[in-house]
Amino acid sequence: MSTFQRTAAAILALSLHPRGAAAFLLLALLSCGGEKRKTEGQVSLTLYHWMEKDRKLWEEQILKPFQAAHPGVTVTLQTSPYPLYVTKSLTSIASGGHLADLMFAEDWFGQELIQKQYALNLMPYVRRDIAPGEFYDETFTEWRGVAQREDELYGFPACLGLTVLFYNKELFDRGALSYPDTTWTYDDLIRVGKKLTIDQHADGIPDQWGLTFDVQYTGLETVLYTLGGRLLTADSRHASLQEPPTLKALHFIQDLFQKERIASTTTSLVTTWQSFIAQRSAMILIGSHGAINLEGTSLRWDLTYPPKASDGRRMSRRFTMAFMIPKNSPHPEEAWELLRWILTKSPPEQISTQYSGMMPTYRPATASGAWLNTPPVHNRHLLVELEKGYSFPLFTPGWQEWRDNNLTPEILQMIQGKKSVEQFAADAGRRINAVLDRAYQAR
């Protein structure tokens, strides 16, 4: 007979005895007390993200050492494919169910979680435990919410990416051209891009393009803001596409495809990295985390700042990922300790893999040779300088809906020449505003 069965039989016998009620109650209390002593001090945390392919790294090199240093805490890693990760998170919010004690989120999705008041305000913990200057705290901007209050922080940014210009050294060498550097303007990009756009068969279809341009995500904003335009108004509540400086910048972007013909509309929207890796484009203007796509390839490449405007202005769209503690976590203090451990104790040589190629926000890590020289080797010093001097964020509630579902289809029409810049600005602006109006009213 098991211990549970023997205990149950004893309780039943006592409860049937004339004086058994009191004894029954005593035994029950002792039984409960014994169970409490067995589990007292034990805390179980759940960490949730979508990076299943790196599970071994997270479990063996991050969570296992944390648990060894915190013997009263166990951590379970849960992962889901990214679309399911988003769906499960939103379902958890709607149901009020406990999904995780610590979760990872991109900045666009973080806005949804902040808007739905899902996450704990971390600022009291930050002021208590984080030394000033220990992190690139300008990245807090994306995680303070629309109100941007200094006493609020709903996600602690762990890593960031920047828009940069990647280039293929071999293709530049073949053309006897100097590599791009920090002196480049967008006029230089066009000049060299034309030389690197090659139609070997003279059939009107280049076999090699000078540029692949990420117009779906950060590349678009980087060029717009560098050239004096804006995608959104200063308060981020409305589209700003029809303002004269923005229209001028949009004409420049359309000309890259239609007039200068240094970039392919196909590779820029469908096969962005495949084209660069296959050496069918010599340069690519895109997020720095894309460097992870080049690990293990035979390409000779590096990256540099995105070009500057003729007046010297240079900007690079920044994007971040952060850890958030859901409000319904029963163990916020322990979750915060886990968060701090991940931020400060992760092996520097593994951070690039751990964060899908993004740069850590922890300053000691970015000064570490282990991170600076992690494969794929490239100019990570430049990333640090670019973040400090030229980066800017862009975020709103309802980001994915207006950006991916309403702006991107209109961009395709514009760069293919099927819509004028002015018509694009009017149509895209109307679609963006409809989403933003609804998103802000829902707050």
# chains A, B, ... in the order shown; residues from 1 in each chain; ligands from 1
>>> select_by_dssp(residues="segment 319-387 of chain A", states="strand (DSSP E)", output="PyMOL selection string")
chain A and resi 319-324+359-360
>>> residues_around(residues="segment 144-146 of chain A", least_positions_apart="3", cutoff="9 Å", atoms="only C-alpha atoms", output="compact mmCIF listing (two decimals) with C-alpha atoms, in the first residue's frame")
# COMPACT_ATOMS: atom_id res chain seq x y z
CA GLN A 111 3.42 47.85 -27.91
CA ILE A 114 1.79 47.47 -23.14
CA GLN A 115 -1.45 48.78 -24.59
CA ASN A 121 6.20 48.22 -14.53
CA PHE A 140 14.04 52.37 -22.88
CA THR A 141 12.10 54.76 -25.14
CA ARG A 149 6.70 58.59 -18.46
CA GLU A 150 10.14 58.39 -16.87
CA ASP A 151 8.77 56.28 -14.01
CA GLU A 152 7.38 53.59 -16.34
CA LEU A 153 9.17 50.76 -18.14
CA TYR A 154 7.19 47.72 -19.23
CA GLY A 155 9.96 45.75 -20.89
CA ASP A 235 3.37 62.34 -31.83
CA SER A 236 3.15 59.12 -33.92
CA PHE A 395 6.73 52.53 -32.63
CA THR A 396 2.97 52.83 -32.15
CA PRO A 397 0.06 50.69 -31.03
>>> closest_residue(among="A:Gln400, A:Gln117, A:Ser264, A:Ser89", to="Gly193 of chain A", atoms="only C-alpha atoms")
A:Ser264
>>> residues_around(residues="Pro375 of chain A", least_positions_apart="2", cutoff="12 Å", atoms="only C-alpha atoms", output="list in words")
Ala291, Ile292, Asn293, Leu294, Glu295, Gly296, Thr297, Pro348, Glu349, Gln350, Ile351, Ser352, Thr353, Gly357, Gly369, Ala370, Trp371, Leu372, Asn373, Val377, His378, Asn379 and Arg380 of chain A
>>> write_last_selection(atoms="N, CA and C atoms", output="compact mmCIF listing (two decimals), in the first residue's frame")
# COMPACT_ATOMS: atom_id res chain seq x y z
N ALA A 291 23.21 39.86 -40.23
CA ALA A 291 24.55 39.28 -40.33
C ALA A 291 24.55 37.80 -40.00
N ILE A 292 23.60 37.38 -39.15
CA ILE A 292 23.55 35.97 -38.77
C ILE A 292 23.25 35.08 -39.97
N ASN A 293 22.62 35.65 -41.01
CA ASN A 293 22.35 34.89 -42.23
C ASN A 293 23.61 34.57 -43.00
N LEU A 294 24.67 35.30 -42.72
CA LEU A 294 25.91 35.16 -43.49
C LEU A 294 26.91 34.23 -42.80
N GLU A 295 26.59 33.79 -41.59
CA GLU A 295 27.50 32.88 -40.88
C GLU A 295 27.61 31.57 -41.64
N GLY A 296 28.85 31.14 -41.87
CA GLY A 296 29.08 29.89 -42.56
C GLY A 296 29.12 30.00 -44.08
N THR A 297 28.84 31.17 -44.63
CA THR A 297 28.92 31.33 -46.08
C THR A 297 30.37 31.64 -46.48
N PRO A 348 29.30 36.13 -23.29
CA PRO A 348 29.39 37.12 -24.37
C PRO A 348 29.58 36.51 -25.75
N GLU A 349 30.31 35.39 -25.82
CA GLU A 349 30.55 34.77 -27.12
C GLU A 349 29.30 34.12 -27.70
N GLN A 350 28.25 33.97 -26.88
CA GLN A 350 27.01 33.35 -27.35
C GLN A 350 25.88 34.36 -27.55
N ILE A 351 26.11 35.63 -27.19
CA ILE A 351 25.02 36.61 -27.21
C ILE A 351 24.48 36.83 -28.61
N SER A 352 25.35 36.84 -29.60
CA SER A 352 24.88 37.05 -30.98
C SER A 352 23.89 35.96 -31.38
N THR A 353 24.22 34.71 -31.06
CA THR A 353 23.30 33.61 -31.34
C THR A 353 22.05 33.69 -30.46
N GLY A 357 21.43 37.48 -33.66
CA GLY A 357 22.31 38.39 -34.37
C GLY A 357 22.25 39.83 -33.90
N GLY A 369 35.80 41.53 -26.00
CA GLY A 369 36.36 40.94 -27.21
C GLY A 369 35.63 39.68 -27.62
N ALA A 370 35.06 38.98 -26.64
CA ALA A 370 34.32 37.75 -26.94
C ALA A 370 33.11 38.04 -27.81
N TRP A 371 32.42 39.18 -27.57
CA TRP A 371 31.29 39.54 -28.43
C TRP A 371 31.77 40.21 -29.71
N LEU A 372 32.74 41.10 -29.61
CA LEU A 372 33.20 41.84 -30.78
C LEU A 372 33.76 40.92 -31.86
N ASN A 373 34.32 39.79 -31.45
CA ASN A 373 34.97 38.88 -32.41
C ASN A 373 34.20 37.58 -32.63
N VAL A 377 32.44 37.33 -38.12
CA VAL A 377 33.23 38.50 -37.74
C VAL A 377 32.92 39.66 -38.69
N HIS A 378 32.59 40.82 -38.10
CA HIS A 378 32.37 42.04 -38.87
C HIS A 378 32.57 43.23 -37.95
N ASN A 379 32.36 44.41 -38.47
CA ASN A 379 32.69 45.62 -37.72
C ASN A 379 31.63 45.93 -36.66
N ARG A 380 31.72 45.24 -35.53
CA ARG A 380 30.77 45.47 -34.45
C ARG A 380 31.05 46.78 -33.71
>>> closest_residue(among="A:Ala176, A:Leu171, A:Leu231, A:Ala309", to="Thr197 of chain A", atoms="only C-alpha atoms")
A:Leu171
>>> residues_around(residues="Lys248 of chain A", least_positions_apart="3", cutoff="12 Å", atoms="only C-alpha atoms", output="list in words")
Val223, Leu224, Tyr225, Thr226, Leu227, Gly228, Gly229, Arg230, Leu241, Gln242, Glu243, Pro244, Pro245, His251, Phe252, Ile253, Gln254, Asp255, Val421, Glu422 and Ala425 of chain A
>>> closest_atom_pairs(of="segment 323-441 of chain A", to="segment 213-222 of chain A", cutoff="10 Å", atoms="only C-alpha atoms", output="JSON lines")
{"residue": "A:Ser391", "atom": "CA", "partner": "A:Thr222", "partner_atom": "CA", "distance": 9.2}
{"residue": "A:Phe392", "atom": "CA", "partner": "A:Thr222", "partner_atom": "CA", "distance": 8.9}
{"residue": "A:Pro393", "atom": "CA", "partner": "A:Glu221", "partner_atom": "CA", "distance": 9.6}
{"residue": "A:Leu394", "atom": "CA", "partner": "A:Glu221", "partner_atom": "CA", "distance": 8.5}
{"residue": "A:Arg403", "atom": "CA", "partner": "A:Tyr217", "partner_atom": "CA", "distance": 8.3}
{"residue": "A:Asp404", "atom": "CA", "partner": "A:Gln216", "partner_atom": "CA", "distance": 7.6}
{"residue": "A:Leu407", "atom": "CA", "partner": "A:Gln216", "partner_atom": "CA", "distance": 8.5}
{"residue": "A:Thr408", "atom": "CA", "partner": "A:Gln216", "partner_atom": "CA", "distance": 5.9}
{"residue": "A:Pro409", "atom": "CA", "partner": "A:Gln216", "partner_atom": "CA", "distance": 9.2}
{"residue": "A:Ile411", "atom": "CA", "partner": "A:Val215", "partner_atom": "CA", "distance": 7.6}
{"residue": "A:Leu412", "atom": "CA", "partner": "A:Val215", "partner_atom": "CA", "distance": 8.7}
{"residue": "A:Ile415", "atom": "CA", "partner": "A:Val215", "partner_atom": "CA", "distance": 9.1}
>>> write_last_selection(atoms="N, CA and C atoms", output="short mmCIF file (atom, residue, chain, number, x, y, z; two decimals), in the first residue's frame")
data_model
loop_
_atom_site.label_atom_id
_atom_site.label_comp_id
_atom_site.auth_asym_id
_atom_site.auth_seq_id
_atom_site.Cartn_x
_atom_site.Cartn_y
_atom_site.Cartn_z
N SER A 391 20.98 56.55 -34.03
CA SER A 391 19.82 55.66 -34.09
C SER A 391 18.56 56.34 -33.59
N PHE A 392 17.43 55.89 -34.11
CA PHE A 392 16.13 56.41 -33.67
C PHE A 392 15.11 55.28 -33.72
N PRO A 393 14.12 55.31 -32.83
CA PRO A 393 13.07 54.28 -32.83
C PRO A 393 11.84 54.75 -33.58
N LEU A 394 10.94 53.83 -33.84
CA LEU A 394 9.64 54.17 -34.43
C LEU A 394 8.67 53.11 -33.95
N ARG A 403 1.56 48.73 -40.48
CA ARG A 403 2.85 48.65 -41.19
C ARG A 403 2.86 47.53 -42.22
N ASP A 404 2.55 46.33 -41.80
CA ASP A 404 2.65 45.17 -42.70
C ASP A 404 1.44 45.01 -43.60
N LEU A 407 0.65 49.49 -45.17
CA LEU A 407 1.69 50.26 -45.84
C LEU A 407 2.44 49.45 -46.89
N THR A 408 2.85 48.24 -46.54
CA THR A 408 3.68 47.44 -47.45
C THR A 408 3.04 47.19 -48.81
N PRO A 409 1.76 46.82 -48.89
CA PRO A 409 1.16 46.62 -50.23
C PRO A 409 1.19 47.90 -51.08
N ILE A 411 3.51 50.27 -50.81
CA ILE A 411 4.91 50.48 -51.20
C ILE A 411 5.23 49.70 -52.47
N LEU A 412 4.77 48.47 -52.53
CA LEU A 412 5.02 47.65 -53.71
C LEU A 412 4.50 48.33 -54.97
N ILE A 415 7.01 51.36 -55.80
CA ILE A 415 8.34 51.08 -56.34
C ILE A 415 8.27 50.38 -57.69
#
>>> residues_around(residues="segment 69-77 of chain A", least_positions_apart="3", cutoff="7 Å", atoms="only C-alpha atoms", output="JSON, numbers by chain")
{"A": [41, 42, 43, 44, 45, 46, 47, 48, 63, 65, 66]}
>>> write_last_selection(atoms="N, CA and C atoms", output="PDB file, in the first residue's frame")
ATOM      1  N   GLY A  41       9.873  27.448  -0.009  1.00  0.00           N
ATOM      2  CA  GLY A  41      11.066  28.035  -0.600  1.00  0.00           C
ATOM      3  C   GLY A  41      11.305  27.652  -2.040  1.00  0.00           C
ATOM      4  N   GLN A  42      10.530  26.743  -2.571  1.00  0.00           N
ATOM      5  CA  GLN A  42      10.692  26.337  -3.961  1.00  0.00           C
ATOM      6  C   GLN A  42       9.833  27.220  -4.859  1.00  0.00           C
ATOM      7  N   VAL A  43      10.456  27.778  -5.885  1.00  0.00           N
ATOM      8  CA  VAL A  43       9.764  28.646  -6.835  1.00  0.00           C
ATOM      9  C   VAL A  43       9.988  28.098  -8.239  1.00  0.00           C
ATOM     10  N   SER A  44       8.911  27.973  -8.987  1.00  0.00           N
ATOM     11  CA  SER A  44       9.004  27.508 -10.375  1.00  0.00           C
ATOM     12  C   SER A  44       8.654  28.660 -11.306  1.00  0.00           C
ATOM     13  N   LEU A  45       9.572  28.971 -12.212  1.00  0.00           N
ATOM     14  CA  LEU A  45       9.374  30.039 -13.182  1.00  0.00           C
ATOM     15  C   LEU A  45       9.247  29.457 -14.585  1.00  0.00           C
ATOM     16  N   THR A  46       8.502  30.148 -15.433  1.00  0.00           N
ATOM     17  CA  THR A  46       8.404  29.778 -16.843  1.00  0.00           C
ATOM     18  C   THR A  46       8.922  30.935 -17.685  1.00  0.00           C
ATOM     19  N   LEU A  47       9.904  30.638 -18.529  1.00  0.00           N
ATOM     20  CA  LEU A  47      10.419  31.594 -19.505  1.00  0.00           C
ATOM     21  C   LEU A  47       9.838  31.235 -20.863  1.00  0.00           C
ATOM     22  N   TYR A  48       9.308  32.232 -21.561  1.00  0.00           N
ATOM     23  CA  TYR A  48       8.607  31.957 -22.824  1.00  0.00           C
ATOM     24  C   TYR A  48       9.178  32.800 -23.954  1.00  0.00           C
ATOM     25  N   LEU A  63      20.162  29.091 -18.305  1.00  0.00           N
ATOM     26  CA  LEU A  63      19.242  28.713 -17.231  1.00  0.00           C
ATOM     27  C   LEU A  63      19.875  27.763 -16.220  1.00  0.00           C
ATOM     28  N   PRO A  65      23.102  27.503 -15.184  1.00  0.00           N
ATOM     29  CA  PRO A  65      23.917  28.247 -14.205  1.00  0.00           C
ATOM     30  C   PRO A  65      23.066  29.109 -13.270  1.00  0.00           C
ATOM     31  N   PHE A  66      21.976  29.680 -13.774  1.00  0.00           N
ATOM     32  CA  PHE A  66      21.103  30.485 -12.914  1.00  0.00           C
ATOM     33  C   PHE A  66      20.519  29.623 -11.802  1.00  0.00           C
TER      34      PHE A  66
END
>>> closest_residue(among="A:Leu386, A:Val164, A:Ile342, A:Ala278", to="Asp207 of chain A", atoms="only C-alpha atoms")
A:Ala278
>>> closest_residue(among="A:Arg363, A:Glu170, A:Val192, A:Ser275", to="Ser298 of chain A", atoms="only C-alpha atoms")
A:Glu170
>>> residues_around(residues="segment 313-330 of chain A", least_positions_apart="5", cutoff="6 Å", atoms="only C-alpha atoms", output="list in words")
Asp101, Leu102, Met103, Phe104, Ala105, Glu106, Asp107, Tyr118, Ala119, Leu120, Gly155, Phe156, Pro157, Ala158, Cys159, Leu160, Gly161, Leu162, Thr163, Thr218, Thr222, Thr226, Lys308, Tyr390, Ser391, Phe392 and Pro393 of chain A
>>> write_last_selection(atoms="N, CA and C atoms", output="JSON list (two decimals), in the first residue's frame")
[["chain", "number", "residue", "atom", "x", "y", "z"],
["A", 101, "ASP", "N", 6.30, 33.67, -16.51],
["A", 101, "ASP", "CA", 6.78, 34.63, -15.51],
["A", 101, "ASP", "C", 7.74, 35.63, -16.14],
["A", 102, "LEU", "N", 8.31, 35.25, -17.26],
["A", 102, "LEU", "CA", 9.20, 36.12, -18.01],
["A", 102, "LEU", "C", 9.06, 35.76, -19.48],
["A", 103, "MET", "N", 8.86, 36.77, -20.33],
["A", 103, "MET", "CA", 8.70, 36.50, -21.75],
["A", 103, "MET", "C", 9.47, 37.51, -22.57],
["A", 104, "PHE", "N", 9.82, 37.10, -23.77],
["A", 104, "PHE", "CA", 10.62, 37.91, -24.69],
["A", 104, "PHE", "C", 9.68, 38.46, -25.75],
["A", 105, "ALA", "N", 9.88, 39.71, -26.16],
["A", 105, "ALA", "CA", 8.99, 40.32, -27.15],
["A", 105, "ALA", "C", 9.76, 41.30, -28.02],
["A", 106, "GLU", "N", 9.41, 41.34, -29.31],
["A", 106, "GLU", "CA", 9.93, 42.37, -30.20],
["A", 106, "GLU", "C", 9.22, 43.68, -29.89],
["A", 107, "ASP", "N", 9.85, 44.80, -30.33],
["A", 107, "ASP", "CA", 9.28, 46.10, -29.95],
["A", 107, "ASP", "C", 7.87, 46.32, -30.50],
["A", 118, "TYR", "N", -0.61, 44.42, -19.93],
["A", 118, "TYR", "CA", -0.28, 43.04, -19.59],
["A", 118, "TYR", "C", 0.96, 42.93, -18.72],
["A", 119, "ALA", "N", 1.87, 43.91, -18.86],
["A", 119, "ALA", "CA", 3.19, 43.76, -18.26],
["A", 119, "ALA", "C", 3.35, 44.60, -17.00],
["A", 120, "LEU", "N", 4.23, 44.12, -16.13],
["A", 120, "LEU", "CA", 4.56, 44.80, -14.89],
["A", 120, "LEU", "C", 5.47, 45.99, -15.18],
["A", 155, "GLY", "N", 9.10, 46.81, -20.38],
["A", 155, "GLY", "CA", 9.96, 45.75, -20.89],
["A", 155, "GLY", "C", 11.39, 46.22, -20.78],
["A", 156, "PHE", "N", 12.30, 45.32, -20.41],
["A", 156, "PHE", "CA", 13.70, 45.73, -20.31],
["A", 156, "PHE", "C", 14.40, 45.28, -21.59],
["A", 157, "PRO", "N", 14.83, 46.25, -22.42],
["A", 157, "PRO", "CA", 15.45, 45.89, -23.70],
["A", 157, "PRO", "C", 16.75, 45.13, -23.51],
["A", 158, "ALA", "N", 16.82, 43.95, -24.10],
["A", 158, "ALA", "CA", 18.00, 43.11, -23.98],
["A", 158, "ALA", "C", 18.95, 43.27, -25.15],
["A", 159, "CYS", "N", 18.40, 43.60, -26.33],
["A", 159, "CYS", "CA", 19.22, 43.67, -27.53],
["A", 159, "CYS", "C", 18.59, 44.63, -28.53],
["A", 160, "LEU", "N", 19.40, 45.04, -29.48],
["A", 160, "LEU", "CA", 18.93, 46.00, -30.48],
["A", 160, "LEU", "C", 19.55, 45.70, -31.83],
["A", 161, "GLY", "N", 18.88, 46.18, -32.86],
["A", 161, "GLY", "CA", 19.41, 46.11, -34.22],
["A", 161, "GLY", "C", 19.38, 47.49, -34.83],
["A", 162, "LEU", "N", 20.18, 47.69, -35.87],
["A", 162, "LEU", "CA", 20.29, 48.98, -36.54],
["A", 162, "LEU", "C", 20.27, 48.76, -38.05],
["A", 163, "THR", "N", 19.84, 49.76, -38.78],
["A", 163, "THR", "CA", 19.88, 49.66, -40.23],
["A", 163, "THR", "C", 21.27, 50.03, -40.71],
["A", 218, "THR", "N", 13.00, 48.32, -41.90],
["A", 218, "THR", "CA", 13.75, 49.47, -41.40],
["A", 218, "THR", "C", 14.45, 50.29, -42.47],
["A", 222, "THR", "N", 14.81, 54.47, -42.51],
["A", 222, "THR", "CA", 16.16, 55.04, -42.45],
["A", 222, "THR", "C", 16.37, 56.07, -43.55],
["A", 226, "THR", "N", 16.53, 60.15, -42.87],
["A", 226, "THR", "CA", 17.82, 60.75, -43.21],
["A", 226, "THR", "C", 17.64, 61.90, -44.20],
["A", 308, "LYS", "N", 24.73, 59.00, -45.68],
["A", 308, "LYS", "CA", 24.17, 60.23, -45.12],
["A", 308, "LYS", "C", 23.59, 61.08, -46.24],
["A", 390, "TYR", "N", 23.41, 57.91, -33.90],
["A", 390, "TYR", "CA", 22.54, 58.13, -35.05],
["A", 390, "TYR", "C", 21.23, 57.34, -35.04],
["A", 391, "SER", "N", 20.98, 56.55, -34.03],
["A", 391, "SER", "CA", 19.82, 55.66, -34.09],
["A", 391, "SER", "C", 18.56, 56.34, -33.59],
["A", 392, "PHE", "N", 17.43, 55.89, -34.11],
["A", 392, "PHE", "CA", 16.13, 56.41, -33.67],
["A", 392, "PHE", "C", 15.11, 55.28, -33.72],
["A", 393, "PRO", "N", 14.12, 55.31, -32.83],
["A", 393, "PRO", "CA", 13.07, 54.28, -32.83],
["A", 393, "PRO", "C", 11.84, 54.75, -33.58]]
>>> closest_residue(among="A:Pro364, A:Arg300, A:Thr272, A:Ala68", to="Gly133 of chain A", atoms="only C-alpha atoms")
A:Pro364
>>> closest_residue(among="A:Leu113, A:Tyr136, A:Glu59, A:Arg261", to="Ala365 of chain A", atoms="only C-alpha atoms")
A:Tyr136
>>> atom_distance(atom1="atom CA of Thr182 of chain A", atom2="atom CA of Leu247 of chain A")
26.1 Å
>>> atom_distance(atom1="atom CA of Thr87 of chain A", atom2="atom CA of Thr139 of chain A")
25.8 Å
>>> select_by_dssp(residues="segment 102-294 of chain A", states="alpha helix (DSSP H)", output="JSON, numbers by chain")
{"A": [107, 108, 109, 110, 111, 112, 113, 114, 115, 123, 124, 125, 126, 127, 128, 129, 169, 170, 171, 172, 173, 174, 186, 187, 188, 189, 190, 191, 192, 193, 194, 195, 218, 219, 220, 221, 222, 223, 224, 225, 226, 244, 245, 246, 247, 248, 249, 250, 251, 252, 253, 254, 255, 256, 257, 258, 265, 266, 267, 268, 269, 272, 273, 274, 275, 276, 277]}
>>> write_last_selection(atoms="C-alpha atoms", output="PDB file, in the first residue's frame")
ATOM      1  CA  ASP A 107       9.278  46.099 -29.951  1.00  0.00           C
ATOM      2  CA  TRP A 108       6.247  46.066 -32.274  1.00  0.00           C
ATOM      3  CA  PHE A 109       4.540  43.299 -30.275  1.00  0.00           C
ATOM      4  CA  GLY A 110       5.609  44.871 -27.028  1.00  0.00           C
ATOM      5  CA  GLN A 111       3.421  47.854 -27.913  1.00  0.00           C
ATOM      6  CA  GLU A 112       0.404  45.530 -28.079  1.00  0.00           C
ATOM      7  CA  LEU A 113       1.223  44.041 -24.680  1.00  0.00           C
ATOM      8  CA  ILE A 114       1.789  47.468 -23.138  1.00  0.00           C
ATOM      9  CA  GLN A 115      -1.451  48.783 -24.594  1.00  0.00           C
ATOM     10  CA  MET A 123      11.093  50.893 -13.250  1.00  0.00           C
ATOM     11  CA  PRO A 124      11.076  50.368  -9.442  1.00  0.00           C
ATOM     12  CA  TYR A 125      13.345  47.335  -9.937  1.00  0.00           C
ATOM     13  CA  VAL A 126      15.579  49.232 -12.361  1.00  0.00           C
ATOM     14  CA  ARG A 127      16.088  52.117  -9.927  1.00  0.00           C
ATOM     15  CA  ARG A 128      16.826  49.683  -7.135  1.00  0.00           C
ATOM     16  CA  ASP A 129      19.193  47.300  -8.924  1.00  0.00           C
ATOM     17  CA  LYS A 169      33.900  42.754 -51.044  1.00  0.00           C
ATOM     18  CA  GLU A 170      34.431  40.372 -53.952  1.00  0.00           C
ATOM     19  CA  LEU A 171      31.965  42.186 -56.213  1.00  0.00           C
ATOM     20  CA  PHE A 172      33.555  45.527 -55.340  1.00  0.00           C
ATOM     21  CA  ASP A 173      37.011  44.094 -56.061  1.00  0.00           C
ATOM     22  CA  ARG A 174      35.872  42.819 -59.452  1.00  0.00           C
ATOM     23  CA  TYR A 186      23.128  58.574 -50.994  1.00  0.00           C
ATOM     24  CA  ASP A 187      24.543  60.135 -54.160  1.00  0.00           C
ATOM     25  CA  ASP A 188      27.560  57.833 -53.737  1.00  0.00           C
ATOM     26  CA  LEU A 189      25.196  54.896 -53.289  1.00  0.00           C
ATOM     27  CA  ILE A 190      23.584  55.646 -56.659  1.00  0.00           C
ATOM     28  CA  ARG A 191      26.897  56.318 -58.418  1.00  0.00           C
ATOM     29  CA  VAL A 192      28.497  53.055 -57.305  1.00  0.00           C
ATOM     30  CA  GLY A 193      25.227  51.138 -57.488  1.00  0.00           C
ATOM     31  CA  LYS A 194      25.024  51.897 -61.215  1.00  0.00           C
ATOM     32  CA  LYS A 195      28.524  50.513 -61.782  1.00  0.00           C
ATOM     33  CA  THR A 218      13.748  49.472 -41.396  1.00  0.00           C
ATOM     34  CA  GLY A 219      15.383  50.459 -44.681  1.00  0.00           C
ATOM     35  CA  LEU A 220      12.444  52.611 -45.688  1.00  0.00           C
ATOM     36  CA  GLU A 221      12.384  54.592 -42.443  1.00  0.00           C
ATOM     37  CA  THR A 222      16.164  55.039 -42.453  1.00  0.00           C
ATOM     38  CA  VAL A 223      16.166  56.673 -45.890  1.00  0.00           C
ATOM     39  CA  LEU A 224      13.017  58.747 -45.239  1.00  0.00           C
ATOM     40  CA  TYR A 225      14.268  60.225 -41.982  1.00  0.00           C
ATOM     41  CA  THR A 226      17.822  60.751 -43.213  1.00  0.00           C
ATOM     42  CA  PRO A 244       6.788  68.086 -48.898  1.00  0.00           C
ATOM     43  CA  PRO A 245      10.071  66.743 -47.373  1.00  0.00           C
ATOM     44  CA  THR A 246       8.567  63.256 -47.192  1.00  0.00           C
ATOM     45  CA  LEU A 247       7.324  63.380 -50.787  1.00  0.00           C
ATOM     46  CA  LYS A 248      10.795  64.425 -51.915  1.00  0.00           C
ATOM     47  CA  ALA A 249      12.357  61.485 -50.064  1.00  0.00           C
ATOM     48  CA  LEU A 250       9.746  59.111 -51.503  1.00  0.00           C
ATOM     49  CA  HIS A 251      10.591  60.278 -55.033  1.00  0.00           C
ATOM     50  CA  PHE A 252      14.221  59.423 -54.289  1.00  0.00           C
ATOM     51  CA  ILE A 253      13.221  55.929 -53.177  1.00  0.00           C
ATOM     52  CA  GLN A 254      11.055  55.325 -56.228  1.00  0.00           C
ATOM     53  CA  ASP A 255      13.889  56.556 -58.468  1.00  0.00           C
ATOM     54  CA  LEU A 256      16.248  53.904 -57.055  1.00  0.00           C
ATOM     55  CA  PHE A 257      13.983  51.338 -58.693  1.00  0.00           C
ATOM     56  CA  GLN A 258      12.511  53.125 -61.701  1.00  0.00           C
ATOM     57  CA  THR A 265      11.624  45.207 -56.893  1.00  0.00           C
ATOM     58  CA  THR A 266      11.615  41.414 -56.677  1.00  0.00           C
ATOM     59  CA  THR A 267      14.736  40.911 -54.561  1.00  0.00           C
ATOM     60  CA  SER A 268      13.856  43.850 -52.327  1.00  0.00           C
ATOM     61  CA  LEU A 269      10.484  42.382 -51.374  1.00  0.00           C
ATOM     62  CA  THR A 272      16.052  39.921 -49.825  1.00  0.00           C
ATOM     63  CA  TRP A 273      18.877  37.925 -48.250  1.00  0.00           C
ATOM     64  CA  GLN A 274      18.928  35.152 -50.840  1.00  0.00           C
ATOM     65  CA  SER A 275      19.912  37.659 -53.514  1.00  0.00           C
ATOM     66  CA  PHE A 276      22.829  39.011 -51.510  1.00  0.00           C
ATOM     67  CA  ILE A 277      24.057  35.581 -50.456  1.00  0.00           C
TER      68      ILE A 277
END
